[in-house]
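Colleague: Here it is, the structure, as structure tokens.
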Amino acid sequence: MAHLRKTLVVVGHGMVGHRFTQAAIERGLTETYDVVVVGAEPRPAYDRVALTSFFEVGADALSLLPEGEYDDPRVRLVTGVEAVGLDRDARTVSLSDGSELAYDELVLATGAAPFVPPVPGHDLPGCFVYRTIEDLEAIREAAGSARVGAVVGGGLLGLEAANALAQLGLETHVVEMAPRLMAVQVDDAGGATLRRHIESLGLTVHTGAMTSAVVERDGRAAGLELKDADPVEAEVVVFSAGIRPRDQLARTAGLEVAERGGVLVDEQCRSSDRHVWAIGECAAPAGRMYGLVAPGYTMAEVVVDALLGGPGAFTGADMSTKLKLLGVDVASFGDAFAATEGALELVFADAVAGVYKKLVVSDDGKRLLGGVLVGDASAYGLLRPMVSSGIELPENPEGLILPAARASAGSATDAMPDEAVVCSCNNVTKGDILDRVARDDEPCADAACVTKCSRAGSTCGSCKPVVKKLVEDHFAAVGKVVDKSLCEHFPLTRQELFEVVAVHGYTRFDDIVAGHGRGRGCDICKPAVASILASQLNGHVLDKDTRTLQDTNDAFLANIQKNGTYSVVPRIPGGEITPEKLIVIGEVARDFDLYTKITGGQRIDLFGARVEQLPAIWRRLVDAGFESGHAYGKSLRTVKSCVGSTWCRYGVQDSVQLAIDLELRYRGLRSPHKLKGGVSGCARECAEARAKDFGVIATEKGWNLYVAGNGGANPAHARLLAGDLDTETLVRYLDRFLMYYIRTADRLQRTAAWVDSLDGGLDRVREVVVDDALGLGTELEEAMARHVDTYFDEWKATLDDPDKLARFVSFLNAPDVPDPHISFTTERDQVRPAEPDGPVVLGTTIGVGAPVGSGVAR
Amino acid sequence: MSAGEATAVDLLGAPEDARTWEPVCRLHDLEVEGGAAVLVRGEAVAVFRTHDDRVFALSNYDPYARASVLSRGIVGTKGGAGNGAGEERPFVASPMHKQAFDLRTGQCLDDATVRVPAYAVRVADGTVLVGPLREHTDGAAQGASAEAADEGG
Ligand SMILES: Cc1cc2nc3c(=O)[nH]c(=O)nc-3n(C[C@H](O)[C@H](O)[C@H](O)COP(=O)(O)OP(=O)(O)OC[C@H]3O[C@@H](n4cnc5c(N)ncnc54)[C@H](O)[C@@H]3O)c2cc1C
């Protein structure tokens, strides 16, 4: 090859432009090409498919290139710059910053733009589209001061946008010109069922309604004028009436474009100029544009292949889609409208349950051609690959859509041929997935790893259950048992152990290990059993039968620190404290010479207490009305709050009161891991509630409940479980959520990891907690009620019991002699542990600051 | 950590002193599968009582955490019948970072190069006595059986 390197310019850094660049690097195209990528948006590519979750997770979490640049020095990415001109003769692209780029090959990946019908008023302030992060930021901003929103367009995207408006607290209307919602994907009967679901989300649907103008008031949008119908009031208007390929650059440069827009390209995605290629939504292979990400990804691979001299071709794509809406399952795949000659339809409809399912099968009943699923799309991941692989249907294909069909999912994954595409977003086949787990070189051990390595399930996620099933079946088939044992003493998971204990009514570790385990337990199973017993019985953790099961923190009702002393944290519910109580904490800290620090959970931590000082410290605290803060327990820590509507000029609800109520309700609740909560009094979210296991954010209408967040090493934002709840419903859902977690999570599994580990993830939690799909609701609430009724302060109970107190000594045979290993120095006017240099013998070395007797100076 | 062990004896400088038995507590003061710290000749010693009623004593000093805490660890067993991992070993897990120490020898079960000092123990008339530091022998130490000692005493 010549030594001269060539230049490849990519215009557009969206999902497909990014995929192309990634593939170019991975497949070695950068060995011969320098690649320059020009993107008009201010940030690198992000996951537009998941755009709506921006409201929940923010922009960073959506990024497809979090590092901001590619890990290949031959690739240069320029963002915030638009390509404004194309000179095909000179082979240059001119940019909005005035510069010019020469290319040998040019790839257009400019995507599409929302189509805004040119009705009067369409460009008024208050009118938006739903395409970029900036669009969503602007919508959120406008929603803050609006009451009603309207979305023009009742298709896939329109419904997603409408639901987002509703989530932002707006009364929301959907205005659709066609006689039904999602007209492109769903037939009339399915559309009717879908409409009921959408209305049950609180949205108002207008079908057969043509928008004729945007009403203006004070220079802003104030509503929609409809043809032949009453106008709709709305201060926020979102247009979602279809998309148009962004083909201007190609058009002005004289490239051929398709009749309905899009750069006309051949099977190799090459345009009428042999050095210009087009991929993604701006391209129209054989005259047709594709408004989904998967075909775009295929086009990206095809062009990389072509530039490497390979034979790849784009010959059409699977247009299956699934609506990503809270609690509404809609999927359409293959020939959903039975357009194929002789196609037969099998329909299952349950109006009461709001389920409509239709399969379209070939005239001989042997092959699945397509289908529509509304209300229950659980079979989607399974059915879609059956269409693309063309495998023969089972004898009674209706079994695939009847409610009991879930159980037969197993046989259907078996029947799938290896070529069947399981993940259509990333074109991953069943064979690819099995290869990931069966290969000799670094095989994947679980479905999460397969998703990471093969990308299967990493885009829209709808195939995740199938990926998991395939992986599990594989391991079962090769006889590899995935060991879920708690430890060497119990061949059970924590959840199984929890059930065993509940069913048998065990109260003692001895009985449990004798009946279901072996040996005498260890530091893993003993605290797990202690936690399970505490969750079920709510006894005192220092009772005779459970005392020796406790980790040292629970065993001394305090948090051990590096020098063997403990820290003390009294409960300060919601972070609210009277000056008198604050003074008591100060006095105790001063009198016992404790290092004092304010925690992130809005309370005060007192460090450096020796075991033998704990009772005296707590005597003072309990007398002043404090109780245990359980900072030492795998249990509820705090419910953090902002100051709320009582004082804050922005607050819309009394967040402090709710935080106190919740903290008092769940205090002392032992759980698989620590639990934290937060309550914010308005959308400004000053309590950082979404960094908690449960976070409550006030809305004008009530409370939004978010779950499964945490800070720490693997931060996770809590996700919306249910919105606009009254306080009673909120507490009911929380009771159920927490008890469900306590019963089924693994040991030391925070709520975020637990939700991710459930089949169906957050949707599953919502089914159980909100829809009560398992019929467990009452039982979970009763379990919580028992906890609330039997709560007592374990520090007070300890002080009242000489037996329990007997253990709070430095040495059994010298209870008044402080441990000589503990010594302090001073730093910033407070004590701190002195660095130890080895075992200490009393009489030879005595720790400073530790007068014999005790540190109490009254 | 054998340095610590050596100093402990040397500092006292009286070998016969170290060989005497010091009563530290009553057996019933010790919880079954629990531990407690006692002071023996100026040193912090952790005494443990296992499920089968044997009593063991180790230095209370956790060489990893460099703190006097071992008596506050969880007591259990590792290995043994059915696990294909040899004999069942009684152990304590450090309350700091969970390293396991064999109660009989002080040997760290997570790191063959680390051992904490182990003491001889006896139970007589319901009283627990801690004796001299034990020379390291390969897992042979058996601890004091409360029953046997009571009969013998
Ligand atoms: C809310 C929403 C939900 C969606 N849900 C799904 C779904 O569930 N499933 C699915 O398959 N698809 C879904 N899509 C569609 C999917 O996002 C698109 O198919 C995909 O993003 C197309 O990728 P692209 O790279 O072709 O276009 P884009 O991602 O739009 O990227 C094009 C980029 O090019 C830039 N650009 C344009 N012109 C220029 C220029 N002249 N110079 C420089 N840069 C330029 C643009 O700013 C943009 O950043 C959804 C889309 C939205 C908006």
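Starting from 1 in every chain, residues are counted up; chains themselves are A, B, ... following the order of the structure tokens, and ligands are numbered from 1 as listed.
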With only C-alpha atoms considered, list every residue of chain A at most 7 Å from chain B, as a PyMOL selection string.
Modeller: chain A and resi 519-523+548-549+551-552+562-564+810-814+821+836+838-843
Colleague: Show me which residues sit within 7 Å of ligand 1 when counting only C-alpha atoms and all ligand atoms, and put them as number ranges by chain.
Modeller: A: 11-17, 38-41, 45, 48-52, 81-84, 109-112, 130-132, 157, 160-161, 246, 249, 279-282, 291-294, 296, 321-324, 425, 460
Colleague: Might you pull out every residue within 7 Å of A:Leu373, with only C-alpha atoms counted and same-chain residues fewer than 3 positions away left off, and present them as a PyMOL selection string?
Modeller: chain A and resi 330-332+356-358+376-377
Colleague: Can I get the selection written as an mmCIF file, in the first residue's frame, with N, CA, C and O atoms?
Modeller:
```cif
data_model
loop_
_atom_site.group_PDB
_atom_site.id
_atom_site.type_symbol
_atom_site.label_atom_id
_atom_site.label_comp_id
_atom_site.auth_asym_id
_atom_site.auth_seq_id
_atom_site.Cartn_x
_atom_site.Cartn_y
_atom_site.Cartn_z
ATOM 1 N N VAL A 330 -46.350 -2.261 24.611
ATOM 2 C CA VAL A 330 -46.816 -2.346 23.233
ATOM 3 C C VAL A 330 -45.656 -2.786 22.370
ATOM 4 O O VAL A 330 -44.559 -2.245 22.478
ATOM 5 N N ALA A 331 -45.883 -3.758 21.540
ATOM 6 C CA ALA A 331 -44.838 -4.153 20.618
ATOM 7 C C ALA A 331 -45.478 -4.516 19.295
ATOM 8 O O ALA A 331 -46.609 -4.994 19.242
ATOM 9 N N SER A 332 -44.765 -4.248 18.237
ATOM 10 C CA SER A 332 -45.244 -4.591 16.913
ATOM 11 C C SER A 332 -44.045 -5.107 16.161
ATOM 12 O O SER A 332 -42.955 -4.555 16.260
ATOM 13 N N TYR A 356 -54.264 -7.204 24.397
ATOM 14 C CA TYR A 356 -54.610 -7.543 23.023
ATOM 15 C C TYR A 356 -53.361 -8.083 22.356
ATOM 16 O O TYR A 356 -52.315 -7.444 22.390
ATOM 17 N N LYS A 357 -53.466 -9.297 21.814
ATOM 18 C CA LYS A 357 -52.299 -9.872 21.157
ATOM 19 C C LYS A 357 -52.731 -10.490 19.839
ATOM 20 O O LYS A 357 -53.735 -11.191 19.781
ATOM 21 N N LYS A 358 -51.936 -10.232 18.843
ATOM 22 C CA LYS A 358 -52.262 -10.787 17.537
ATOM 23 C C LYS A 358 -51.002 -11.376 16.927
ATOM 24 O O LYS A 358 -49.941 -10.753 16.927
ATOM 25 N N ASP A 376 -49.411 -6.632 27.209
ATOM 26 C CA ASP A 376 -48.476 -7.628 27.717
ATOM 27 C C ASP A 376 -47.545 -8.011 26.591
ATOM 28 O O ASP A 376 -47.902 -8.796 25.720
ATOM 29 N N ALA A 377 -46.383 -7.417 26.573
ATOM 30 C CA ALA A 377 -45.453 -7.668 25.474
ATOM 31 C C ALA A 377 -44.324 -8.581 25.938
ATOM 32 O O ALA A 377 -43.245 -8.589 25.367
#
```
Colleague: Residues at most 8 Å from A:Arg494, counting only C-alpha atoms, excluding those fewer than 4 positions away in the same chain, as a PyMOL selection string?
Modeller: chain A and resi 486+498+528+744-747
Colleague: Could you take the residues named above and write them with C-alpha atoms, as a PDB file, in the first residue's frame?
Modeller:
```pdb
ATOM      1  CA  LEU A 486     -24.520 -18.071  51.042  1.00  0.00           C
ATOM      2  CA  PHE A 498     -35.314 -16.195  54.619  1.00  0.00           C
ATOM      3  CA  ALA A 528     -27.156 -12.887  57.652  1.00  0.00           C
ATOM      4  CA  THR A 744     -35.714 -11.373  48.338  1.00  0.00           C
ATOM      5  CA  ALA A 745     -32.411  -9.517  48.160  1.00  0.00           C
ATOM      6  CA  ASP A 746     -29.026 -11.108  48.603  1.00  0.00           C
ATOM      7  CA  ARG A 747     -26.916 -10.381  51.621  1.00  0.00           C
TER       8      ARG A 747
END
```
Colleague: If we count only C-alpha atoms, what is near A:Glu794 at a cut-off of 9 Å, once residues fewer than 5 positions away on the same chain are taken out, given as a ChimeraX atom specification?
Modeller: /A:540-542,557,627-628,668,799
Colleague: Could you turn the residues from that selection into a file that holds N, CA, C and O atoms, as a compact mmCIF listing (two decimals), in the first residue's frame?
Modeller:
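Generated output (selection_34.txt):
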```txt
# COMPACT_ATOMS: atom_id res chain seq x y z
N HIS A 540 -34.59 -8.08 70.30
CA HIS A 540 -33.40 -7.29 70.58
C HIS A 540 -32.19 -8.02 70.00
O HIS A 540 -32.04 -9.22 70.21
N VAL A 541 -31.33 -7.31 69.28
CA VAL A 541 -30.19 -8.00 68.65
C VAL A 541 -29.24 -8.59 69.69
O VAL A 541 -28.48 -9.49 69.38
N LEU A 542 -29.30 -8.08 70.93
CA LEU A 542 -28.40 -8.61 71.96
C LEU A 542 -29.07 -9.67 72.83
O LEU A 542 -28.53 -10.05 73.87
N LEU A 557 -23.70 -2.08 69.43
CA LEU A 557 -24.64 -1.01 69.10
C LEU A 557 -23.90 0.30 68.83
O LEU A 557 -24.28 1.37 69.31
N GLU A 627 -32.58 8.43 70.86
CA GLU A 627 -32.56 6.98 70.75
C GLU A 627 -31.53 6.56 69.70
O GLU A 627 -30.97 7.40 69.00
N SER A 628 -31.33 5.24 69.63
CA SER A 628 -30.33 4.72 68.72
C SER A 628 -30.58 5.22 67.30
O SER A 628 -31.70 5.24 66.83
N GLY A 668 -34.99 1.10 62.85
CA GLY A 668 -34.78 -0.22 63.44
C GLY A 668 -35.07 -1.37 62.51
O GLY A 668 -34.91 -2.53 62.88
N LEU A 799 -29.74 -0.52 78.28
CA LEU A 799 -29.42 0.13 79.56
C LEU A 799 -30.27 -0.45 80.68
O LEU A 799 -29.86 -0.47 81.85
```
Colleague: Which residue is closest to A:Asp305? Choose from A:Lys544, A:Arg270, A:Arg196, A:Arg27 and count only C-alpha atoms.
Modeller: A:Arg27
